[in-house]
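Notes for the one structure printed next.
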Number of protein chains: 2
Amino acid sequence: MTATLPSDTLRDRAAIIARALSDSKRLCVVERLAEGERSVSDLSRDIGCQVPNMSQHLAVLRQAGIVASRREGNTVFYRLADARVLEAYRMLQQVAR
Amino acid sequence: MTATLPSDTLRDRAAIIARALSDSKRLCVVERLAEGERSVSDLSRDIGCQVPNMSQHLAVLRQAGIVASRREGNTVFYRLADARVLEAYRMLQQVAR
DNA sequence: GGACTACTTGCGTAGTTGCGCAACAAGTGA
DNA sequence: TCACTTGTTGCGCAACTACGCAAGTAGTCC
């Protein structure tokens, strides 16, 4: 087993994850990426925002370790870095119901 | 069963829950309340902040439906309104690890 | 009523966030 | 090299957040 008591740093990191998930556009991104890789322009079109804005949202998710990116030519594909994010999101939805 | 596709409102509400959990002091509150009811002054002492500040954090959690309060004489006791919040918090910690 | 405790609310402020827009960087292909 | 596409970064601004502090509210006890 690992630590049982949540250390300050673990709590802080959990807060950062929660912060990254605290925007409905970013949650929408998580939903899309749950289906598979998506490019920045795909996501911005689906969600209905400008590309720079989407890029910033993705940067927030990336800094939280929620998504990862891969470049192919001049398109950048994003994917979920950790499938457990979906579990966390589902639990948030349960609480939100 | 209820809705399978996350509606806009469900997503928005999940974002509100995540926002409420996006502060380490509030996560600390959730940890304390997982052990049982606590008064505002108890929480502010344990967490090390002023009472008005704690009251505001509790208001955020209350508006998100995460905690509920009960008055007994002068003291107001807060408790977790939904035990599933703990599940969500644990999942956030899993992702944060 | 008056003094006291416990909590909430209002206010001002410094810091942060989300957004639009412009500029820049990275890659492709003629 | 030039034009083009795709993302990222910088900048300015309005909105929001966390905090400290003062003031107000709710309840107890004398």
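How things are named: the first chain in the structure tokens is A, the next is B, and so on; residues count from 1 in each chain; ligands count from 1 in the order shown.
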
Which chain B residues are at most 9 Å from chain D (counting only C-alpha atoms (C1' of nucleotides)), as an MDAnalysis selection string?
chainID B and resid 50 53 73:75

Neighbours of Pro52 in chain A within 12 Å (only C-alpha atoms (C1' of nucleotides); same-chain residues fewer than 3 positions away dropped), as a JSON list (two decimals) with C-alpha atoms (C1' of nucleotides), in the first residue's frame?
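Now in out05.json:
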```json
[["chain", "number", "residue", "atom", "x", "y", "z"],
["A", 40, "VAL", "CA", -7.09, 20.76, -31.50],
["A", 41, "SER", "CA", -9.12, 22.00, -34.43],
["A", 43, "LEU", "CA", -12.09, 19.87, -30.48],
["A", 44, "SER", "CA", -12.48, 23.58, -31.05],
["A", 45, "ARG", "CA", -15.03, 22.93, -33.80],
["A", 48, "GLY", "CA", -17.57, 25.75, -30.48],
["A", 49, "CYS", "CA", -14.70, 27.96, -29.42],
["A", 55, "SER", "CA", -5.26, 25.40, -26.96],
["A", 56, "GLN", "CA", -5.25, 27.17, -23.59],
["A", 57, "HIS", "CA", -7.83, 24.79, -22.15],
["A", 58, "LEU", "CA", -5.77, 21.86, -23.37],
["A", 59, "ALA", "CA", -2.68, 23.40, -21.76],
["C", 18, "DG", "C1'", -11.33, 32.75, -19.49],
["C", 19, "DC", "C1'", -11.71, 35.04, -23.58],
["C", 20, "DG", "C1'", -10.77, 37.56, -28.09],
["C", 21, "DC", "C1'", -7.38, 39.05, -30.97],
["C", 22, "DA", "C1'", -2.78, 39.52, -32.92],
["D", 6, "DT", "C1'", -2.21, 23.98, -37.60],
["D", 7, "DG", "C1'", -1.13, 25.17, -32.87],
["D", 8, "DT", "C1'", 0.96, 27.98, -29.39],
["D", 9, "DT", "C1'", 2.04, 32.21, -27.03],
["D", 10, "DG", "C1'", 1.57, 37.10, -25.73]]
```

Once you count only C-alpha atoms (C1' of nucleotides), what closest atom pair and distance in Å to one decimal does each residue of chain C within 8 Å of chain A have, with rows by chain and rising residue number, as a Markdown table?
```
| residue | atom | partner | partner_atom | distance |
| --- | --- | --- | --- | --- |
| C:DC19 | C1' | A:Asn53 | CA | 7.0 |
| C:DA26 | C1' | A:Asn74 | CA | 7.0 |
| C:DG27 | C1' | A:Asn74 | CA | 4.9 |
| C:DT28 | C1' | A:Gly73 | CA | 7.5 |
```

Can you write out the residues you just picked, keeping C-alpha atoms (C1' of nucleotides), as an mmCIF file, in the first residue's frame?
```
data_model
loop_
_atom_site.group_PDB
_atom_site.id
_atom_site.type_symbol
_atom_site.label_atom_id
_atom_site.label_comp_id
_atom_site.auth_asym_id
_atom_site.auth_seq_id
_atom_site.Cartn_x
_atom_site.Cartn_y
_atom_site.Cartn_z
ATOM 1 C "C1'" DC C 19 -11.714 35.036 -23.579
ATOM 2 C "C1'" DA C 26 6.175 24.345 -36.635
ATOM 3 C "C1'" DG C 27 5.307 21.623 -40.404
ATOM 4 C "C1'" DT C 28 3.836 20.672 -45.467
#
```

With a cut-off of 7 Å and counting only C-alpha atoms, select all residues of chain A in contact with chain B and give the selection as an NGL selection string.
:A and (10-19 or 21-24 or 27 or 84-85 or 87-88 or 91-93 or 95-97)

Using N, CA and C atoms, can you write the selected residues to a file as a compact mmCIF listing (two decimals), in the first residue's frame?
```txt
# COMPACT_ATOMS: atom_id res chain seq x y z
N LEU A 10 -0.28 15.71 -1.83
CA LEU A 10 -1.30 14.93 -2.53
C LEU A 10 -2.61 15.71 -2.59
N ARG A 11 -2.92 16.36 -1.49
CA ARG A 11 -4.14 17.17 -1.46
C ARG A 11 -4.04 18.32 -2.46
N ASP A 12 -2.88 18.97 -2.49
CA ASP A 12 -2.69 20.07 -3.44
C ASP A 12 -2.83 19.59 -4.87
N ARG A 13 -2.28 18.42 -5.13
CA ARG A 13 -2.36 17.89 -6.51
C ARG A 13 -3.80 17.53 -6.85
N ALA A 14 -4.51 16.98 -5.89
CA ALA A 14 -5.92 16.68 -6.12
C ALA A 14 -6.69 17.96 -6.41
N ALA A 15 -6.32 19.04 -5.71
CA ALA A 15 -6.98 20.33 -5.95
C ALA A 15 -6.70 20.81 -7.37
N ILE A 16 -5.48 20.57 -7.84
CA ILE A 16 -5.13 20.99 -9.20
C ILE A 16 -5.94 20.20 -10.23
N ILE A 17 -6.09 18.89 -9.98
CA ILE A 17 -6.92 18.08 -10.86
C ILE A 17 -8.35 18.61 -10.88
N ALA A 18 -8.88 18.86 -9.69
CA ALA A 18 -10.25 19.37 -9.59
C ALA A 18 -10.39 20.70 -10.30
N ARG A 19 -9.39 21.55 -10.15
CA ARG A 19 -9.43 22.86 -10.82
C ARG A 19 -9.48 22.67 -12.33
N LEU A 21 -10.74 20.30 -13.90
CA LEU A 21 -12.04 19.74 -14.28
C LEU A 21 -13.19 20.68 -13.93
N SER A 22 -12.88 21.90 -13.52
CA SER A 22 -13.92 22.79 -13.01
C SER A 22 -14.50 23.69 -14.09
N ASP A 23 -14.24 23.38 -15.34
CA ASP A 23 -14.76 24.18 -16.45
C ASP A 23 -15.53 23.26 -17.39
N SER A 24 -16.73 23.66 -17.78
CA SER A 24 -17.57 22.75 -18.55
C SER A 24 -16.98 22.48 -19.93
N LEU A 27 -14.50 19.79 -19.39
CA LEU A 27 -15.19 18.52 -19.18
C LEU A 27 -15.68 17.96 -20.51
N ARG A 84 -8.31 6.91 -15.45
CA ARG A 84 -9.00 7.08 -14.16
C ARG A 84 -9.68 8.43 -14.08
N VAL A 85 -9.26 9.36 -14.95
CA VAL A 85 -9.95 10.65 -15.00
C VAL A 85 -11.43 10.45 -15.30
N GLU A 87 -13.24 7.91 -14.44
CA GLU A 87 -13.87 7.48 -13.19
C GLU A 87 -14.16 8.68 -12.29
N ALA A 88 -13.16 9.55 -12.18
CA ALA A 88 -13.34 10.74 -11.34
C ALA A 88 -14.48 11.60 -11.88
N MET A 91 -17.77 10.12 -11.03
CA MET A 91 -18.12 10.34 -9.62
C MET A 91 -18.61 11.76 -9.40
N LEU A 92 -17.98 12.72 -10.07
CA LEU A 92 -18.44 14.11 -9.96
C LEU A 92 -19.87 14.23 -10.47
N GLN A 93 -20.16 13.52 -11.56
CA GLN A 93 -21.52 13.55 -12.09
C GLN A 93 -22.51 12.93 -11.12
N VAL A 95 -22.29 12.95 -7.91
CA VAL A 95 -22.54 13.93 -6.84
C VAL A 95 -23.41 15.07 -7.37
N ALA A 96 -23.23 15.39 -8.64
CA ALA A 96 -23.92 16.54 -9.23
C ALA A 96 -25.40 16.25 -9.48
N ARG A 97 -25.76 14.98 -9.51
CA ARG A 97 -27.13 14.60 -9.88
C ARG A 97 -28.15 15.10 -8.88
```

For the alpha helix (DSSP H) assignment from backbone DSSP, which residues of chain B qualify? Please present them as a ChimeraX atom specification.
/B:8-20,24-34,40-47,51-63,84-96

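Picture a line from CA of Leu33 in chain A to C1' of DT17 in chain C; it runs 23.3 Å.
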
What residues in chain B get the DSSP label strand (DSSP E)? Please answer as a PyMOL selection string.
chain B and resi 38-39+67-72+75-80

So the first atom is C1' of DT8 in chain C and the second is CA of Gly36 in chain B; what is the distance between them in Å, to one decimal place?
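Separation of C1' of DT8 in chain C and CA of Gly36 in chain B: 22.4 Å.
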